Amino acid sequence: MSASDWTELVAAARRAREHAHAAFSHFKVGAALETADGTIVTGCNVENATYGLTICAERVAMFKALSEGHRAFTRIAIVADTADPTPPCGACRQILWEFGGDLEIALANLREEKGRYRLKDLLPLPFDARLL
Ligand code: THU
C-alpha cells in the first residue's frame, strides 16, 4: 500500500466496524491501524453489560497489534456511521500516543473520508513516559 493511499486502510476500518459489539449504544465504530511494516491491524468497539468496561475500536486495534508483537505505527483510520466525523476519545488519544506517537489519523463514515489529523494536534501537551 502506498504511503498516500488511505483507501485500503479506511476499507479495513469499515469492515472491522461490522464486528462491533454495540448492543447498548448501537454506535458501531471500526478502526484500522497500520504498522511501520505495512501490516493492517483492525479493531471494533466492544460493549458489555457493565457499560464501564466498554473498550473503543482504536484501543482494541492498538492492543491487538501490541499483543502480536508490533511496536511501530504510522496511521490509523476510524470509521463510524455519522455525518460528522467521530474522533478518538481522550482515553484512546492517550493510548495511541503512548504506543503510536504522532500518528496520522483519517476519520471517515461509510461513504467518504471526513478529515485528516495528526495525533499531536488532537492531544497537545501529552503526559507520557518521558515525564516519569
Ligand atoms: N467509541 C469508539 O469505539 N471509538 C470512538 O472513537 C468513540 C466511541 C465507542 C465506545 C462506545 O462503544 C460507543 O462508541 C459509544 O460511545
# chains A, B, ... in the order shown; residues from 1 in each chain; ligands from 1
>>> residues_near_ligand(ligand="ligand 1", cutoff="9 Å", atoms="only C-alpha atoms and all ligand atoms", output="VMD selection string")
chain A and resid 20 to 31 43 to 48 51 54 to 60 78 to 80 86 to 90 92
>>> write_last_selection(atoms="N, CA and C atoms", output="JSON list (two decimals), in the first residue's frame")
[["chain", "number", "residue", "atom", "x", "y", "z"],
["A", 20, "ALA", "N", -18.52, -4.85, 15.46],
["A", 20, "ALA", "CA", -18.70, -4.14, 16.74],
["A", 20, "ALA", "C", -19.75, -4.82, 17.60],
["A", 21, "HIS", "N", -19.46, -4.86, 18.91],
["A", 21, "HIS", "CA", -20.46, -5.26, 19.91],
["A", 21, "HIS", "C", -21.00, -3.96, 20.49],
["A", 22, "ALA", "N", -22.08, -3.45, 19.96],
["A", 22, "ALA", "CA", -22.60, -2.16, 20.43],
["A", 22, "ALA", "C", -24.08, -2.30, 20.79],
["A", 23, "ALA", "N", -24.40, -3.33, 21.56],
["A", 23, "ALA", "CA", -25.79, -3.64, 21.90],
["A", 23, "ALA", "C", -26.44, -2.54, 22.75],
["A", 24, "PHE", "N", -25.60, -1.73, 23.43],
["A", 24, "PHE", "CA", -26.16, -0.73, 24.34],
["A", 24, "PHE", "C", -26.25, 0.64, 23.69],
["A", 25, "SER", "N", -25.21, 1.08, 23.05],
["A", 25, "SER", "CA", -25.24, 2.40, 22.40],
["A", 25, "SER", "C", -25.73, 2.31, 20.95],
["A", 26, "HIS", "N", -25.60, 1.15, 20.37],
["A", 26, "HIS", "CA", -25.87, 0.96, 18.93],
["A", 26, "HIS", "C", -24.98, 1.86, 18.07],
["A", 27, "PHE", "N", -23.87, 2.27, 18.64],
["A", 27, "PHE", "CA", -22.92, 3.14, 17.93],
["A", 27, "PHE", "C", -21.70, 2.29, 17.57],
["A", 28, "LYS", "N", -21.67, 1.85, 16.32],
["A", 28, "LYS", "CA", -20.61, 0.95, 15.90],
["A", 28, "LYS", "C", -19.42, 1.74, 15.34],
["A", 29, "VAL", "N", -18.23, 1.36, 15.79],
["A", 29, "VAL", "CA", -17.00, 2.03, 15.34],
["A", 29, "VAL", "C", -16.00, 0.97, 14.86],
["A", 30, "GLY", "N", -15.30, 1.28, 13.81],
["A", 30, "GLY", "CA", -14.22, 0.42, 13.33],
["A", 30, "GLY", "C", -12.93, 1.21, 13.23],
["A", 31, "ALA", "N", -11.83, 0.55, 13.46],
["A", 31, "ALA", "CA", -10.52, 1.20, 13.35],
["A", 31, "ALA", "C", -9.57, 0.26, 12.61],
["A", 43, "GLY", "N", -9.71, -3.11, 14.65],
["A", 43, "GLY", "CA", -10.43, -3.23, 15.91],
["A", 43, "GLY", "C", -11.84, -2.69, 15.77],
["A", 44, "CYS", "N", -12.70, -3.11, 16.68],
["A", 44, "CYS", "CA", -14.06, -2.56, 16.76],
["A", 44, "CYS", "C", -14.36, -2.32, 18.23],
["A", 45, "ASN", "N", -15.38, -1.50, 18.51],
["A", 45, "ASN", "CA", -15.74, -1.30, 19.91],
["A", 45, "ASN", "C", -16.46, -2.54, 20.45],
["A", 46, "VAL", "N", -16.19, -2.80, 21.73],
["A", 46, "VAL", "CA", -16.78, -3.97, 22.39],
["A", 46, "VAL", "C", -17.43, -3.48, 23.69],
["A", 47, "GLU", "N", -18.75, -3.45, 23.66],
["A", 47, "GLU", "CA", -19.51, -3.07, 24.85],
["A", 47, "GLU", "C", -19.92, -4.33, 25.61],
["A", 48, "ASN", "N", -20.31, -4.14, 26.86],
["A", 48, "ASN", "CA", -20.75, -5.28, 27.66],
["A", 48, "ASN", "C", -21.69, -4.77, 28.74],
["A", 51, "TYR", "N", -21.29, -1.72, 31.06],
["A", 51, "TYR", "CA", -21.12, -0.42, 30.38],
["A", 51, "TYR", "C", -19.70, 0.12, 30.55],
["A", 54, "THR", "N", -16.57, -1.05, 28.64],
["A", 54, "THR", "CA", -16.53, -0.89, 27.18],
["A", 54, "THR", "C", -15.13, -0.49, 26.74],
["A", 55, "ILE", "N", -14.73, -1.02, 25.61],
["A", 55, "ILE", "CA", -13.45, -0.59, 25.03],
["A", 55, "ILE", "C", -13.69, -0.14, 23.59],
["A", 56, "CYS", "N", -13.04, 0.95, 23.24],
["A", 56, "CYS", "CA", -13.23, 1.56, 21.92],
["A", 56, "CYS", "C", -12.45, 0.80, 20.84],
["A", 57, "ALA", "N", -12.89, 1.01, 19.63],
["A", 57, "ALA", "CA", -12.27, 0.36, 18.48],
["A", 57, "ALA", "C", -10.77, 0.65, 18.37],
["A", 58, "GLU", "N", -10.39, 1.89, 18.67],
["A", 58, "GLU", "CA", -9.00, 2.29, 18.50],
["A", 58, "GLU", "C", -8.09, 1.54, 19.47],
["A", 59, "ARG", "N", -8.55, 1.42, 20.73],
["A", 59, "ARG", "CA", -7.71, 0.72, 21.71],
["A", 59, "ARG", "C", -7.68, -0.78, 21.43],
["A", 60, "VAL", "N", -8.78, -1.33, 20.95],
["A", 60, "VAL", "CA", -8.75, -2.75, 20.56],
["A", 60, "VAL", "C", -7.70, -2.96, 19.49],
["A", 78, "ILE", "N", -10.41, 5.62, 11.27],
["A", 78, "ILE", "CA", -11.51, 5.42, 12.22],
["A", 78, "ILE", "C", -12.82, 5.68, 11.48],
["A", 79, "VAL", "N", -13.75, 4.73, 11.60],
["A", 79, "VAL", "CA", -15.00, 4.81, 10.83],
["A", 79, "VAL", "C", -16.20, 4.66, 11.75],
["A", 80, "ALA", "N", -17.16, 5.56, 11.58],
["A", 80, "ALA", "CA", -18.48, 5.41, 12.21],
["A", 80, "ALA", "C", -19.53, 5.84, 11.18],
["A", 86, "THR", "N", -16.15, 11.02, 13.65],
["A", 86, "THR", "CA", -16.03, 10.53, 15.03],
["A", 86, "THR", "C", -14.56, 10.50, 15.41],
["A", 87, "PRO", "N", -14.11, 11.46, 16.21],
["A", 87, "PRO", "CA", -12.71, 11.48, 16.62],
["A", 87, "PRO", "C", -12.47, 10.53, 17.79],
["A", 88, "PRO", "N", -11.23, 10.10, 17.99],
["A", 88, "PRO", "CA", -10.94, 9.22, 19.12],
["A", 88, "PRO", "C", -11.20, 9.91, 20.46],
["A", 89, "CYS", "N", -11.70, 9.16, 21.44],
["A", 89, "CYS", "CA", -11.96, 9.72, 22.77],
["A", 89, "CYS", "C", -10.62, 10.01, 23.47],
["A", 90, "GLY", "N", -10.70, 10.65, 24.62],
["A", 90, "GLY", "CA", -9.48, 11.02, 25.33],
["A", 90, "GLY", "C", -8.63, 9.82, 25.72],
["A", 92, "CYS", "N", -8.45, 6.95, 24.26],
["A", 92, "CYS", "CA", -7.80, 6.40, 23.06],
["A", 92, "CYS", "C", -6.66, 7.29, 22.59]]
>>> select_by_dssp(residues="chain A", states="strand (DSSP E)", output="ChimeraX atom specification")
/A:29-35,40-44,73-80,104-108,113-118
>>> select_by_dssp(residues="chain A", states="helix (DSSP H, G or I)", output="number ranges by chain")
A: 7-17, 57-67, 90-100, 119-122, 129-131
>>> write_last_selection(atoms="N, CA and C atoms", output="CSV table (one decimal), in the first residue's frame")
chain,number,residue,atom,x,y,z
A,7,THR,N,-7.2,4.4,1.0
A,7,THR,CA,-8.4,3.6,0.6
A,7,THR,C,-8.5,2.3,1.3
A,8,GLU,N,-7.3,1.5,1.3
A,8,GLU,CA,-7.3,0.2,1.9
A,8,GLU,C,-7.5,0.3,3.4
A,9,LEU,N,-6.9,1.3,4.0
A,9,LEU,CA,-7.0,1.4,5.5
A,9,LEU,C,-8.4,1.7,5.9
A,10,VAL,N,-9.0,2.6,5.2
A,10,VAL,CA,-10.4,3.0,5.5
A,10,VAL,C,-11.3,1.9,5.3
A,11,ALA,N,-11.1,1.1,4.2
A,11,ALA,CA,-12.0,0.0,3.9
A,11,ALA,C,-11.8,-1.1,5.0
A,12,ALA,N,-10.6,-1.3,5.5
A,12,ALA,CA,-10.4,-2.2,6.6
A,12,ALA,C,-11.2,-1.8,7.8
A,13,ALA,N,-11.2,-0.5,8.1
A,13,ALA,CA,-11.9,0.0,9.3
A,13,ALA,C,-13.4,-0.2,9.1
A,14,ARG,N,-13.9,0.0,7.9
A,14,ARG,CA,-15.3,-0.2,7.6
A,14,ARG,C,-15.7,-1.7,7.9
A,15,ARG,N,-14.8,-2.5,7.4
A,15,ARG,CA,-15.1,-4.0,7.6
A,15,ARG,C,-15.1,-4.3,9.1
A,16,ALA,N,-14.1,-3.8,9.8
A,16,ALA,CA,-13.9,-4.1,11.2
A,16,ALA,C,-15.2,-3.6,12.0
A,17,ARG,N,-15.7,-2.5,11.6
A,17,ARG,CA,-16.9,-1.9,12.3
A,17,ARG,C,-18.1,-2.9,12.3
A,57,ALA,N,-12.9,1.0,19.6
A,57,ALA,CA,-12.3,0.4,18.5
A,57,ALA,C,-10.8,0.7,18.4
A,58,GLU,N,-10.4,1.9,18.7
A,58,GLU,CA,-9.0,2.3,18.5
A,58,GLU,C,-8.1,1.5,19.5
A,59,ARG,N,-8.6,1.4,20.7
A,59,ARG,CA,-7.7,0.7,21.7
A,59,ARG,C,-7.7,-0.8,21.4
A,60,VAL,N,-8.8,-1.3,20.9
A,60,VAL,CA,-8.7,-2.7,20.6
A,60,VAL,C,-7.7,-3.0,19.5
A,61,ALA,N,-7.7,-2.1,18.5
A,61,ALA,CA,-6.7,-2.2,17.4
A,61,ALA,C,-5.3,-2.1,17.9
A,62,MET,N,-5.0,-1.1,18.8
A,62,MET,CA,-3.7,-1.0,19.3
A,62,MET,C,-3.3,-2.1,20.2
A,63,PHE,N,-4.2,-2.6,21.1
A,63,PHE,CA,-3.8,-3.7,22.0
A,63,PHE,C,-3.6,-5.0,21.2
A,64,LYS,N,-4.4,-5.2,20.2
A,64,LYS,CA,-4.2,-6.4,19.3
A,64,LYS,C,-2.8,-6.3,18.7
A,65,ALA,N,-2.5,-5.2,18.2
A,65,ALA,CA,-1.2,-5.0,17.5
A,65,ALA,C,-0.1,-5.2,18.4
A,66,LEU,N,-0.1,-4.6,19.6
A,66,LEU,CA,1.0,-4.8,20.6
A,66,LEU,C,1.1,-6.3,21.0
A,67,SER,N,-0.1,-6.9,21.1
A,67,SER,CA,0.0,-8.3,21.6
A,67,SER,C,0.5,-9.2,20.5
A,90,GLY,N,-10.7,10.6,24.6
A,90,GLY,CA,-9.5,11.0,25.3
A,90,GLY,C,-8.6,9.8,25.7
A,91,ALA,N,-9.3,8.8,26.2
A,91,ALA,CA,-8.5,7.6,26.6
A,91,ALA,C,-7.8,7.0,25.4
A,92,CYS,N,-8.4,6.9,24.3
A,92,CYS,CA,-7.8,6.4,23.1
A,92,CYS,C,-6.7,7.3,22.6
A,93,ARG,N,-6.8,8.6,22.7
A,93,ARG,CA,-5.7,9.5,22.3
A,93,ARG,C,-4.5,9.2,23.1
A,94,GLN,N,-4.7,9.0,24.4
A,94,GLN,CA,-3.6,8.7,25.3
A,94,GLN,C,-2.9,7.4,24.9
A,95,ILE,N,-3.6,6.4,24.7
A,95,ILE,CA,-3.0,5.1,24.4
A,95,ILE,C,-2.4,5.1,23.0
A,96,LEU,N,-3.0,5.7,22.0
A,96,LEU,CA,-2.5,5.8,20.7
A,96,LEU,C,-1.1,6.6,20.7
A,97,TRP,N,-1.1,7.7,21.6
A,97,TRP,CA,0.1,8.5,21.7
A,97,TRP,C,1.2,7.7,22.3
A,98,GLU,N,0.9,7.0,23.4
A,98,GLU,CA,2.0,6.3,24.1
A,98,GLU,C,2.6,5.2,23.3
A,99,PHE,N,1.8,4.5,22.5
A,99,PHE,CA,2.4,3.4,21.7
A,99,PHE,C,2.6,3.7,20.2
A,100,GLY,N,1.9,4.8,19.7
A,100,GLY,CA,2.0,5.0,18.3
A,100,GLY,C,2.6,6.4,18.0
A,119,LEU,N,-2.0,13.2,15.4
A,119,LEU,CA,-2.4,12.9,16.8
A,119,LEU,C,-1.9,14.0,17.7
A,120,LYS,N,-0.7,14.6,17.4
A,120,LYS,CA,-0.2,15.7,18.3
A,120,LYS,C,-1.1,16.9,18.3
A,121,ASP,N,-1.9,17.1,17.3
A,121,ASP,CA,-2.8,18.2,17.3
A,121,ASP,C,-4.1,17.9,18.1
A,122,LEU,N,-4.4,16.6,18.2
A,122,LEU,CA,-5.6,16.2,19.0
A,122,LEU,C,-5.2,16.0,20.4
A,129,ALA,N,5.7,8.7,29.0
A,129,ALA,CA,6.8,8.1,29.8
A,129,ALA,C,8.1,9.0,29.9
A,130,ARG,N,8.2,10.0,29.0
A,130,ARG,CA,9.3,10.9,29.1
A,130,ARG,C,9.3,11.7,30.3
A,131,LEU,N,8.1,11.8,30.9
A,131,LEU,CA,7.9,12.7,32.1
A,131,LEU,C,8.1,11.9,33.4
>>> atom_distance(atom1="atom CA of A:Glu113", atom2="atom CA of A:Leu53")
29.3 Å
>>> residues_around(residues="A:Glu34", least_positions_apart="3", cutoff="7 Å", atoms="only C-alpha atoms", output="ChimeraX atom specification")
/A:38-41,73-76
>>> closest_residue(among="A:Asp102, A:Asp81, A:Asp128, A:Asp37", to="A:Glu18", atoms="only C-alpha atoms")
A:Asp81
>>> closest_residue(among="A:Ala83, A:Leu103, A:Leu132, A:Ala49", to="A:Leu33", atoms="only C-alpha atoms")
A:Leu103
>>> atom_distance(atom1="atom CA of A:Phe127", atom2="atom CA of A:Trp6")
29.0 Å
>>> closest_residue(among="A:Ala32, A:Asp5, A:Thr42, A:Gly101", to="A:Leu123", atoms="only C-alpha atoms")
A:Gly101
>>> residues_around(residues="A:Thr82", least_positions_apart="5", cutoff="9 Å", atoms="only C-alpha atoms", output="ChimeraX atom specification")
/A:108-110
